[in-house]
Structure formats: structure tokens, C-alpha cells
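Just entry_36.csv here, CSV, C-alpha atoms and all ligand atoms:
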chain,number,residue,atom,x,y,z
Z,119,MET,CA,93.9,-4.5,42.9
Z,120,SER,CA,94.4,-1.3,40.9
Z,121,VAL,CA,92.4,1.5,42.5
Z,122,VAL,CA,91.7,5.1,41.4
Z,123,CYS,CA,90.4,7.2,44.3
Z,124,LEU,CA,88.3,10.1,43.2
Z,125,ASP,CA,87.4,12.8,45.7
Z,126,CYS,CA,86.1,16.2,44.8
Z,127,VAL,CA,86.8,17.4,48.4
Z,128,VAL,CA,83.5,18.9,49.5
Z,129,GLU,CA,83.4,21.1,52.6
Z,130,GLY,CA,82.3,19.0,55.6
Z,131,GLY,CA,83.9,15.7,54.8
Z,132,ALA,CA,83.8,13.7,58.0
Z,133,SER,CA,87.1,11.9,57.9
Z,134,ARG,CA,89.0,15.2,57.8
Z,135,ALA,CA,87.3,16.4,61.0
Z,136,ALA,CA,87.3,13.1,62.9
Z,137,ALA,CA,89.0,13.0,66.2
Z,138,GLY,CA,90.9,9.8,65.6
Z,139,LEU,CA,89.4,8.0,68.6
Z,140,VAL,CA,89.4,4.2,68.1
Z,141,ARG,CA,87.3,2.5,70.6
Z,142,ALA,CA,87.6,-1.3,70.7
Z,143,SER,CA,83.9,-1.3,71.7
Z,144,ALA,CA,83.1,-0.1,68.2
Z,145,TRP,CA,83.8,-3.6,67.0
Z,146,PRO,CA,81.5,-5.2,66.0
Z,147,PRO,CA,79.3,-2.3,64.8
Z,148,VAL,CA,75.6,-2.7,64.3
Z,149,CYS,CA,75.3,-4.7,61.1
Z,150,GLU,CA,74.7,-8.3,60.2
Z,151,TRP,CA,77.7,-9.0,58.0
Z,152,TRP,CA,80.6,-8.1,60.4
Z,153,GLU,CA,82.6,-11.1,61.6
Z,154,GLU,CA,85.7,-11.6,63.7
Z,155,ARG,CA,88.0,-11.2,60.7
Z,156,HIS,CA,86.8,-7.6,60.3
Z,157,SER,CA,87.6,-6.8,63.9
Z,158,LYS,CA,91.0,-8.4,63.4
Z,159,ALA,CA,91.6,-6.1,60.4
Z,160,CYS,CA,90.9,-3.1,62.7
Z,161,ARG,CA,93.1,-4.3,65.5
Z,162,GLU,CA,96.0,-4.9,63.2
Z,163,PHE,CA,95.6,-1.6,61.4
Z,164,PHE,CA,95.4,0.5,64.6
Z,165,VAL,CA,97.5,-1.4,67.0
Z,166,ASP,CA,100.6,0.7,66.7
Z,167,GLY,CA,98.7,3.9,67.3
Z,168,TRP,CA,96.9,2.8,70.5
Z,169,VAL,CA,97.2,4.9,73.6
Z,170,GLU,CA,95.5,4.7,76.9
Z,171,GLU,CA,92.5,6.8,77.8
Z,172,ARG,CA,92.8,8.4,81.2
Z,173,VAL,CA,90.1,10.3,83.1
Z,174,LEU,CA,90.8,13.7,84.4
Z,175,SER,CA,88.5,14.5,87.4
Z,176,ASP,CA,88.2,17.6,89.5
Z,177,TYR,CA,88.8,15.4,92.6
Z,178,ALA,CA,91.9,13.4,91.6
Z,179,PRO,CA,95.2,15.2,91.4
Z,180,SER,CA,96.5,13.0,88.5
Z,181,PRO,CA,94.6,11.3,85.6
Z,182,ARG,CA,93.3,7.8,86.3
Z,183,LEU,CA,93.3,4.9,83.8
Z,184,LYS,CA,89.8,4.4,82.4
Z,185,GLY,CA,88.9,0.7,82.9
Z,186,GLN,CA,88.7,-1.4,79.8
Z,187,VAL,CA,88.3,1.4,77.3
Z,188,TRP,CA,91.2,1.7,74.9
Z,189,CYS,CA,91.5,4.4,72.3
Z,190,GLY,CA,93.9,4.9,69.5
Z,191,ARG,CA,95.5,8.0,68.1
Z,192,VAL,CA,95.4,7.9,64.3
Z,193,GLU,CA,97.6,10.2,62.4
Z,194,LEU,CA,94.9,11.0,59.9
Z,195,GLU,CA,97.2,12.3,57.3
Z,196,LYS,CA,98.8,8.9,57.1
Z,197,ALA,CA,95.6,6.8,57.7
Z,198,VAL,CA,93.3,8.8,55.4
Z,199,VAL,CA,94.9,9.3,52.0
Z,200,PHE,CA,92.9,11.4,49.6
Z,201,ARG,CA,94.2,11.4,46.1
Z,202,VAL,CA,92.3,14.0,44.1
Z,203,THR,CA,92.4,13.0,40.5
Z,204,SER,CA,91.4,15.2,37.7
Z,205,LEU,CA,90.9,13.0,34.7
Z,206,PRO,CA,92.0,14.1,31.2
Z,207,VAL,CA,88.8,12.3,29.9
Z,208,PRO,CA,85.2,13.1,30.6
Z,209,GLU,CA,84.4,9.4,31.2
Z,210,PHE,CA,86.3,6.2,32.0
Z,211,ARG,CA,85.5,2.6,32.7
Z,212,SER,CA,86.2,0.5,35.7
Z,213,ARG,CA,85.2,-3.0,36.8
Z,214,TRP,CA,83.8,-1.8,40.1
Z,215,VAL,CA,82.7,1.5,41.5
Z,216,VAL,CA,82.9,1.7,45.3
Z,217,LEU,CA,80.8,4.6,46.4
Z,218,ALA,CA,82.1,5.8,49.8
Z,219,ALA,CA,80.9,9.4,49.6
Z,220,GLY,CA,79.6,9.6,53.2
Z,221,VAL,CA,76.5,11.8,53.5
Z,222,TRP,CA,76.8,12.6,49.8
Z,223,CYS,CA,76.2,9.0,48.7
Z,224,ASP,CA,72.5,9.6,47.9
Z,225,GLU,CA,73.3,12.6,45.8
Z,226,VAL,CA,75.5,10.4,43.6
Z,227,LEU,CA,73.1,7.5,43.6
Z,228,GLY,CA,70.1,9.8,42.8
Z,229,ALA,CA,72.0,11.4,39.9
Z,230,SER,CA,72.7,7.9,38.6
Z,231,GLY,CA,69.1,6.7,38.8
Z,232,LEU,CA,69.9,4.2,41.5
Z,233,PRO,CA,68.0,3.5,44.8
Z,234,LEU,CA,68.9,5.7,47.7
Z,235,THR,CA,70.4,4.6,51.1
Z,236,GLY,CA,68.5,7.1,53.2
Z,237,VAL,CA,71.8,8.2,54.9
Z,238,VAL,CA,71.4,11.3,57.1
Z,239,ALA,CA,73.9,13.9,58.2
Z,240,SER,CA,74.8,14.4,61.8
Z,241,ARG,CA,77.0,17.4,62.2
Z,242,GLY,CA,79.9,17.3,64.7
Z,243,ALA,CA,82.6,19.8,65.6
Z,244,GLY,CA,85.7,20.0,67.7
Z,245,LEU,CA,88.6,22.3,68.5
Z,246,LEU,CA,92.3,22.1,67.5
Z,247,GLY,CA,94.5,24.0,69.9
Z,248,PRO,CA,98.1,24.4,71.0
Z,249,GLY,CA,99.7,22.6,73.9
Z,250,GLY,CA,100.5,19.0,74.5
Z,251,VAL,CA,99.0,16.0,76.3
Z,252,GLU,CA,100.1,12.4,77.0
Z,253,GLY,CA,97.6,9.9,76.0
Z,254,VAL,CA,93.9,10.7,75.9
Z,255,LEU,CA,92.2,12.7,78.7
Z,256,SER,CA,88.5,12.7,79.3
Z,257,ARG,CA,86.5,14.8,81.6
Z,258,SER,CA,82.8,15.0,82.3
Z,259,TYR,CA,80.6,18.1,82.3
Z,260,ARG,CA,77.0,19.3,82.4
Z,261,LEU,CA,75.4,21.8,80.1
Z,262,PRO,CA,73.1,24.5,81.7
Z,263,GLY,CA,69.6,23.1,82.2
Z,264,ASP,CA,70.6,19.6,81.4
Z,265,THR,CA,70.7,16.7,83.9
Z,266,ARG,CA,72.8,14.5,81.6
Z,267,THR,CA,76.5,14.2,82.3
Z,268,ARG,CA,78.5,14.4,79.1
Z,269,VAL,CA,82.1,13.4,78.4
Z,270,MET,CA,84.6,15.4,76.4
Z,271,SER,CA,88.1,14.2,75.5
Z,272,MET,CA,91.4,15.8,74.7
Z,273,ARG,CA,94.1,14.0,72.7
Z,274,PRO,CA,97.4,14.7,71.0
Z,275,TRP,CA,97.0,16.2,67.5
Z,276,GLY,CA,100.0,17.0,65.5
Z,277,SER,CA,102.1,19.4,67.6
Z,278,GLY,CA,99.0,20.4,69.6
Z,279,VAL,CA,95.8,18.9,71.0
Z,280,ARG,CA,92.2,18.2,69.8
Z,281,VAL,CA,89.2,18.5,72.0
Z,282,GLY,CA,85.7,17.5,71.5
Z,283,ASP,CA,83.0,16.3,69.5
Z,284,SER,CA,79.7,18.0,69.6
Z,285,LEU,CA,76.2,16.7,68.9
Z,286,PRO,CA,74.1,18.6,66.4
Z,287,ALA,CA,71.5,20.0,68.8
Z,288,ARG,CA,73.9,21.6,71.3
Z,289,GLU,CA,76.9,22.4,69.1
Z,290,GLU,CA,77.3,26.0,70.3
Z,291,GLU,CA,77.0,25.1,74.0
Z,292,GLN,CA,79.4,22.2,73.6
Z,293,LEU,CA,81.9,24.3,71.7
Z,294,SER,CA,81.9,26.9,74.5
Z,295,GLU,CA,82.6,24.1,77.0
Z,296,MET,CA,85.5,22.9,74.8
Z,297,ALA,CA,86.8,26.5,74.6
Z,298,GLY,CA,87.0,26.5,78.4
Z,299,TRP,CA,89.6,23.7,78.0
Z,300,VAL,CA,91.5,24.9,75.0
Z,301,GLU,CA,91.3,27.9,72.7
Z,302,GLY,CA,91.7,27.0,69.1
Z,303,GLU,CA,90.5,26.5,65.6
Z,304,ARG,CA,87.1,24.9,65.0
Z,305,VAL,CA,86.8,21.8,62.8
Z,306,TRP,CA,83.5,20.3,61.7
Z,307,GLY,CA,82.2,17.5,59.5
Z,308,LEU,CA,79.0,15.6,58.6
Z,309,ARG,CA,78.8,12.1,60.0
Z,310,PRO,CA,76.9,9.7,57.8
Z,311,ARG,CA,74.2,8.0,59.9
Z,312,LEU,CA,72.1,5.0,59.1
Z,313,PRO,CA,70.4,2.4,61.4
Z,314,SER,CA,73.3,0.0,60.6
Z,315,LEU,CA,76.7,0.2,58.9
Z,316,LEU,CA,76.1,-0.3,55.1
Z,317,VAL,CA,78.6,-2.1,52.9
Z,318,GLN,CA,76.7,-3.8,50.1
Z,319,ARG,CA,76.6,-4.5,46.4
Z,320,TRP,CA,74.1,-1.9,45.3
Z,321,ALA,CA,73.8,-2.5,41.6
Z,322,PRO,CA,75.8,-4.5,39.0
Z,323,GLY,CA,79.4,-3.2,39.4
Z,324,VAL,CA,78.6,-0.9,42.3
Z,325,VAL,CA,79.3,-1.3,46.0
Z,326,VAL,CA,78.1,1.3,48.5
Z,327,ALA,CA,79.9,1.9,51.8
Z,328,THR,CA,78.5,4.4,54.2
Z,329,GLY,CA,76.8,4.9,57.6
Z,330,GLY,CA,79.9,4.9,59.8
Z,331,TYR,CA,78.3,7.7,62.0
Z,332,ARG,CA,80.4,8.3,65.1
Z,333,ASN,CA,82.8,5.4,64.6
Z,334,GLY,CA,83.4,5.5,60.9
Z,335,LEU,CA,87.2,5.8,61.4
Z,336,ALA,CA,87.4,3.0,63.9
Z,337,VAL,CA,85.6,0.6,61.6
Z,338,ALA,CA,87.3,1.7,58.4
Z,339,PRO,CA,89.8,-1.3,58.1
Z,340,GLY,CA,86.9,-3.7,58.5
Z,341,VAL,CA,84.9,-1.8,55.9
Z,342,ALA,CA,87.8,-2.0,53.5
Z,343,LEU,CA,88.1,-5.7,54.0
Z,344,ARG,CA,84.4,-6.2,53.4
Z,345,VAL,CA,84.6,-4.1,50.2
Z,346,ALA,CA,87.5,-6.2,49.0
Z,347,GLU,CA,85.5,-9.4,49.8
Z,348,LEU,CA,82.5,-8.2,47.8
Z,349,VAL,CA,84.5,-7.1,44.7
Z,350,THR,CA,86.6,-10.2,44.5
Z,351,ARG,CA,83.7,-12.6,45.0
Z,352,SER,CA,82.3,-12.2,41.5
Z,401,LIG,C1,83.8,16.1,64.4
Z,401,LIG,C2,83.8,14.6,64.1
Z,401,LIG,C3,84.6,13.8,64.9
Z,401,LIG,C4,84.6,12.4,64.7
Z,401,LIG,N1,85.4,11.6,65.5
Z,401,LIG,C5,85.5,10.3,65.2
Z,401,LIG,C6,86.4,9.5,66.0
Z,401,LIG,O1,87.1,9.9,66.8
Z,401,LIG,N2,86.4,8.1,65.7
Z,401,LIG,C7,85.7,7.6,64.7
Z,401,LIG,O2,85.8,6.4,64.5
Z,401,LIG,N3,84.9,8.4,63.9
Z,401,LIG,C8,84.8,9.7,64.2
Z,401,LIG,N4,83.9,10.5,63.4
Z,401,LIG,C9,83.1,9.8,62.4
Z,401,LIG,C10,83.9,9.6,61.2
Z,401,LIG,O3,84.6,10.7,60.8
Z,401,LIG,C11,82.9,9.2,60.0
Z,401,LIG,O4,82.1,8.1,60.4
Z,401,LIG,C12,83.8,8.8,58.8
Z,401,LIG,O5,84.8,9.7,58.6
Z,401,LIG,C13,82.9,8.6,57.6
Z,401,LIG,O6,83.7,8.3,56.5
Z,401,LIG,P1,83.1,8.3,55.0
Z,401,LIG,O7,84.3,8.0,54.2
Z,401,LIG,O8,81.9,7.5,55.0
Z,401,LIG,O9,82.7,9.8,54.8
Z,401,LIG,P2,83.5,11.1,54.5
Z,401,LIG,O10,84.8,11.1,55.3
Z,401,LIG,O11,82.6,12.3,54.7
Z,401,LIG,O12,84.0,11.0,53.0
Z,401,LIG,C14,83.2,11.3,52.0
Z,401,LIG,C15,84.0,11.8,50.9
Z,401,LIG,O13,83.2,11.9,49.7
Z,401,LIG,C16,83.6,13.0,48.9
Z,401,LIG,N5,82.6,13.3,48.0
Z,401,LIG,C17,81.4,13.8,48.2
Z,401,LIG,N6,80.7,13.9,47.0
Z,401,LIG,C18,81.5,13.4,46.1
Z,401,LIG,C19,81.4,13.3,44.6
Z,401,LIG,N7,80.3,13.6,44.0
Z,401,LIG,N8,82.5,12.8,44.0
Z,401,LIG,C20,83.6,12.5,44.6
Z,401,LIG,N9,83.8,12.6,46.0
Z,401,LIG,C21,82.7,13.1,46.7
Z,401,LIG,C22,83.8,14.1,50.0
Z,401,LIG,O14,84.7,15.1,49.5
Z,401,LIG,C23,84.4,13.3,51.2
Z,401,LIG,O15,85.8,13.3,51.2
Z,401,LIG,C24,83.9,11.8,63.6
Z,401,LIG,C25,83.1,12.7,62.8
Z,401,LIG,C26,83.1,14.1,63.0
Z,401,LIG,C27,82.4,15.0,62.1

Let's see the structure in the file written out as C-alpha cells.
Ligand SMILES: Cc1cc2nc3c(=O)[nH]c(=O)nc-3n(C[C@H](O)[C@H](O)[C@H](O)COP(=O)(O)OP(=O)(O)OC[C@H]3O[C@@H](n4cnc5c(N)ncnc54)[C@H](O)[C@@H]3O)c2cc1C
Amino acid sequence: MSVVCLDCVVEGGASRAAAGLVRASAWPPVCEWWEERHSKACREFFVDGWVEERVLSDYAPSPRLKGQVWCGRVELEKAVVFRVTSLPVPEFRSRWVVLAAGVWCDEVLGASGLPLTGVVASRGAGLLGPGGVEGVLSRSYRLPGDTRTRVMSMRPWGSGVRVGDSLPAREEEQLSEMAGWVEGERVWGLRPRLPSLLVQRWAPGVVVATGGYRNGLAVAPGVALRVAELVTRS
């Protein structure tokens, strides 16, 4: 297929902020169309980047392997290719338009007079810092006044490390927890959230793909396969 990827690169794009965690438990995601071949596409795409997740605890001197949970390290620059195209024409024609604009899908659909998906934004942030780490390390912590134990993870990121991901309501508190582990630059993005992962023919010639929420990266190869299935089954 011949594909033109148009991305106007708005601030807050989720894929650029994603941690690169690929949990096998993300397959299947919540949706009715996902089948084994979509999980297979994910396993095949990520298999080379898989690393073990280990738990760092205050009590154990060295990290312990974390049960059945496997994670992957995706080199985002390789996995997520954004080709920003400025077109010499104000308008062009294409057989299909695949709208995968994350939390901005409804902006585009609304401007086109099409029904909206109802996608909502869930902000998340993390820290990029110097240093090095083998595999993925997790550790648990509690925020002041909170009885819930939360888990934060650190993984290799370029020549340094990446820590975190915060939830919207407690971003500042969680970022200060992360800063106790590593000092570094903040990254943030808007996770597209829907009750279930949406990849669907939306109008004649239009496919919409959004709703990846916290696992959008992990499910991306399955989403890509589903999009290909929809546009070739005409
Ligand atoms: C801090 C953080 C950590 C995360 N960690 C993980 C993780 O470890 N593992 C995981 O699986 N998932 C993770 N996620 C979730 C994952 O990043 C998202 O689910 C996924 O990236 C969503 O991809 P998307 O393509 O739907 O949206 P996006 O990546 O947001 O892409 C939408 C794109 O549309 C473009 N756009 C917007 N409007 C227009 C327009 N009018 N015209 C053209 N282009 C437009 C934007 O520039 C953007 O690039 C994380 C998210 C965040 C924020």
C-alpha cells in the first residue's frame, strides 16, 4: 500500500512521551474485534526488544524477577516514524483516510461534520534522566495520605533512563516521587481514553483508530493489522 503520513506535531502527542513498556497482558485489549492474529502481530513486532522486568525492593539486595510479566523496550525513534509532510497543494485525494490523531480525533471529525468518538484525554508524565539500568526495574511507593501502593518503573532510554508515568489527579506528587529516583527532564503526553479500543470504519473512505489509553504502544501492531484488514476488505 502507498501511504502518506500527515502529522502536524501538536504538543502533547502521546506516542512521543510513551515509556515504551510492552506488557503481554495488554493483549487482548478491551474490544470485540481483537483476535489471536492481532496479538501475534504484536509479539512479532516487539519480540527483539523484550527485556525482563525486575522488582527493586527495599528489603532485597538485588532485583528480583517479576513473575510472568514481560515488558519490552521499544526504541521509539525506530518504532514510531513521523513523517511530517507539507503538501504543495491545498487539497489531495486518497482512497482511504485513516484518522489516528489520538485525543485530537474528535477535533478533526467535528470539523469534517462526522460523528464524534467521545475520546477523552488522560494526561501522563515521566522523567528522562542520566545513568544506566539493565532491564526494567520497578519499585512500589505510597503517596502521603494515600493507602494505595503504587508502582513506578525505570527503564533504559537512549543513553540514560526513563522513570514513571503519572496519573492526572496526582501528577505533581508522582513527579516528585520520580525525582527522588532520578533527576531529569519532564516529558508529558495526552493518552486517548475510550471504554474500548476503537478501530473502525467511520464513514465511507474513513477509518478511525484511537483509544489506546495506557497501552496504545503495546497494541499498535495489532491496530495496524486491523486497519489494513479494514481498508483491503472493500
Ligand atoms: C507519559 C506516557 C507514558 C506512556 N507509556 C506507555 C507505555 O509504556 N506503553 C504503552 O503501550 N503506552 C504508553 N502510553 C500510551 C500511549 O502513548 C498512547 O496510548 C499512544 O501513544 C496513543 O497513540 P495515538 O497514535 O492514538 O495518539 P498520539 O500518539 O497522541 O498521536 C496523535 C498524533 O496526531 C497528531 N495530530 C493531532 N491533530 C492533528 C491534525 N489535525 N492533523 C494531523 N495530525 C494531527 C499529533 O501531532 C500526534 O502526533 C503512554 C502515554 C503517556 C502520555

List as a Markdown table every residue of chain Z that is in contact with ligand LIG 401 (chain Z), defined as an atom at most 7 Å from one of its atoms (using all atoms listed in the file), together with the nearest atom pair and the distance in Å rounded to one decimal, sorted by chain and then rising number.
| residue | atom | partner | partner_atom | distance |
| --- | --- | --- | --- | --- |
| Z:Leu124 | CA | Z:LIG401 | C20 | 5.5 |
| Z:Asp125 | CA | Z:LIG401 | N9 | 3.6 |
| Z:Cys126 | CA | Z:LIG401 | N9 | 4.4 |
| Z:Val127 | CA | Z:LIG401 | O14 | 3.3 |
| Z:Val128 | CA | Z:LIG401 | O14 | 4.0 |
| Z:Glu129 | CA | Z:LIG401 | O14 | 6.9 |
| Z:Gly130 | CA | Z:LIG401 | O11 | 6.8 |
| Z:Gly131 | CA | Z:LIG401 | O11 | 3.6 |
| Z:Ala132 | CA | Z:LIG401 | O11 | 3.8 |
| Z:Ser133 | CA | Z:LIG401 | O5 | 3.3 |
| Z:Arg134 | CA | Z:LIG401 | O10 | 6.4 |
| Z:Ala135 | CA | Z:LIG401 | C1 | 4.9 |
| Z:Ala136 | CA | Z:LIG401 | C4 | 3.3 |
| Z:Ala137 | CA | Z:LIG401 | O1 | 3.7 |
| Z:Gly138 | CA | Z:LIG401 | O1 | 4.0 |
| Z:Leu139 | CA | Z:LIG401 | O1 | 3.5 |
| Z:Val140 | CA | Z:LIG401 | N2 | 5.5 |
| Z:Ala218 | CA | Z:LIG401 | O7 | 5.4 |
| Z:Ala219 | CA | Z:LIG401 | O13 | 3.4 |
| Z:Gly220 | CA | Z:LIG401 | O9 | 3.5 |
| Z:Val221 | CA | Z:LIG401 | O11 | 6.2 |
| Z:Trp222 | CA | Z:LIG401 | N6 | 5.0 |
| Z:Cys223 | CA | Z:LIG401 | N6 | 6.9 |
| Z:Val226 | CA | Z:LIG401 | N7 | 5.8 |
| Z:Arg241 | CA | Z:LIG401 | C27 | 5.9 |
| Z:Gly242 | CA | Z:LIG401 | C1 | 4.1 |
| Z:Ala243 | CA | Z:LIG401 | C1 | 4.1 |
| Z:Gly244 | CA | Z:LIG401 | C1 | 5.5 |
| Z:Asp283 | CA | Z:LIG401 | C1 | 5.2 |
| Z:Ser284 | CA | Z:LIG401 | C1 | 6.9 |
| Z:Val305 | CA | Z:LIG401 | C1 | 6.6 |
| Z:Trp306 | CA | Z:LIG401 | C1 | 5.0 |
| Z:Gly307 | CA | Z:LIG401 | C27 | 3.6 |
| Z:Leu308 | CA | Z:LIG401 | C27 | 4.9 |
| Z:Arg309 | CA | Z:LIG401 | C11 | 5.0 |
| Z:Pro310 | CA | Z:LIG401 | O4 | 6.0 |
| Z:Ala327 | CA | Z:LIG401 | O8 | 6.8 |
| Z:Thr328 | CA | Z:LIG401 | O8 | 4.7 |
| Z:Gly329 | CA | Z:LIG401 | O8 | 6.3 |
| Z:Gly330 | CA | Z:LIG401 | O4 | 3.9 |
| Z:Tyr331 | CA | Z:LIG401 | O4 | 4.1 |
| Z:Arg332 | CA | Z:LIG401 | C9 | 4.1 |
| Z:Asn333 | CA | Z:LIG401 | O2 | 3.2 |
| Z:Gly334 | CA | Z:LIG401 | O4 | 2.9 |
| Z:Leu335 | CA | Z:LIG401 | O2 | 3.5 |
| Z:Ala336 | CA | Z:LIG401 | O2 | 3.8 |
| Z:Val337 | CA | Z:LIG401 | O2 | 6.5 |

**Request:** Could you give me, as a PyMOL selection string, the residues within 6 Å of Ser271 (chain Z), counting all atoms listed in the file and dropping anything in the same chain fewer than 4 positions from it?
**Result:** chain Z and resi 255-256+281-282

**Message:** Which residues are close to Val251 (chain Z), i.e. within 12 Å by all atoms listed in the file, leaving aside same-chain residues fewer than 5 positions away? Reply as a list in words.
**Reply:**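 My reading of the contact set: Val169, Glu170, Glu171, Arg172, Leu174, Pro181, Arg191, Ser256, Ser271, Met272, Arg273, Pro274, Trp275, Gly276, Ser277, Gly278, Val279, Arg280, Val281 and Val300 of chain Z.
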
I want to know what sits within 8 Å of Val326 (chain Z), based on only C-alpha atoms, with residues of the same chain fewer than 3 positions away left out; could you give that as a JSON list (two decimals) with C-alpha atoms, in the frame of the given file?
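Heads up, here's the output in around-v7.json:
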[["chain", "number", "residue", "atom", "x", "y", "z"],
["Z", 216, "VAL", "CA", 82.90, 1.70, 45.30],
["Z", 217, "LEU", "CA", 80.80, 4.60, 46.40],
["Z", 218, "ALA", "CA", 82.10, 5.80, 49.80],
["Z", 223, "CYS", "CA", 76.20, 9.00, 48.70],
["Z", 316, "LEU", "CA", 76.10, -0.30, 55.10],
["Z", 317, "VAL", "CA", 78.60, -2.10, 52.90],
["Z", 318, "GLN", "CA", 76.70, -3.80, 50.10],
["Z", 319, "ARG", "CA", 76.60, -4.50, 46.40],
["Z", 320, "TRP", "CA", 74.10, -1.90, 45.30]]

**Message:** Please determine, counting only C-alpha atoms, which residue among Z:Gly340, Z:Gly302, Z:Pro286, Z:Gly228 has the shortest atom-to-atom distance to Pro146 (chain Z).
**Reply:** Z:Gly340

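Going from CA of Arg344 (chain Z) over to CA of Val325 (chain Z), you cover 10.2 Å.
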
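Using all atoms listed in the file for every distance, the candidate list Z:Glu291, Z:Glu301, Z:Asp224, Z:Glu209 yields Z:Glu301 as the residue closest to Gly249 (chain Z).
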
**Asked** What is the CA of Ala144 (chain Z)-CA of Gly298 (chain Z) distance in Å, reported with one decimal?
**Response** 28.8 Å

**Message:** Let me make sure I understand: among Z:Ser240, Z:Leu183, Z:Arg161, Z:Val345, which one has the smallest atom-to-atom distance to Ala287 (chain Z) if we use all atoms listed in the file?
**Reply:** Z:Ser240

**Request:** Fewer than 5 positions away in the same chain doesn't count, so skip those; otherwise give me all residues within 9 Å of Trp145 (chain Z), counting only C-alpha atoms, as JSON, numbers by chain.
**Result:** {"Z": [152, 154, 156, 157, 160, 336, 337]}

**Fill in**
One decimal place gives the CA of Gly247 (chain Z)-CA of Glu290 (chain Z) separation as 17.3 Å

**Asked** Restricting the calculation to only C-alpha atoms, which member of Z:Pro147, Z:Pro339, Z:Pro233, Z:Gly253 is positioned closest to Glu162 (chain Z)?
**Response**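 Looking only at the distances to Glu162 (chain Z), the closest residue turns out to be Z:Pro339.
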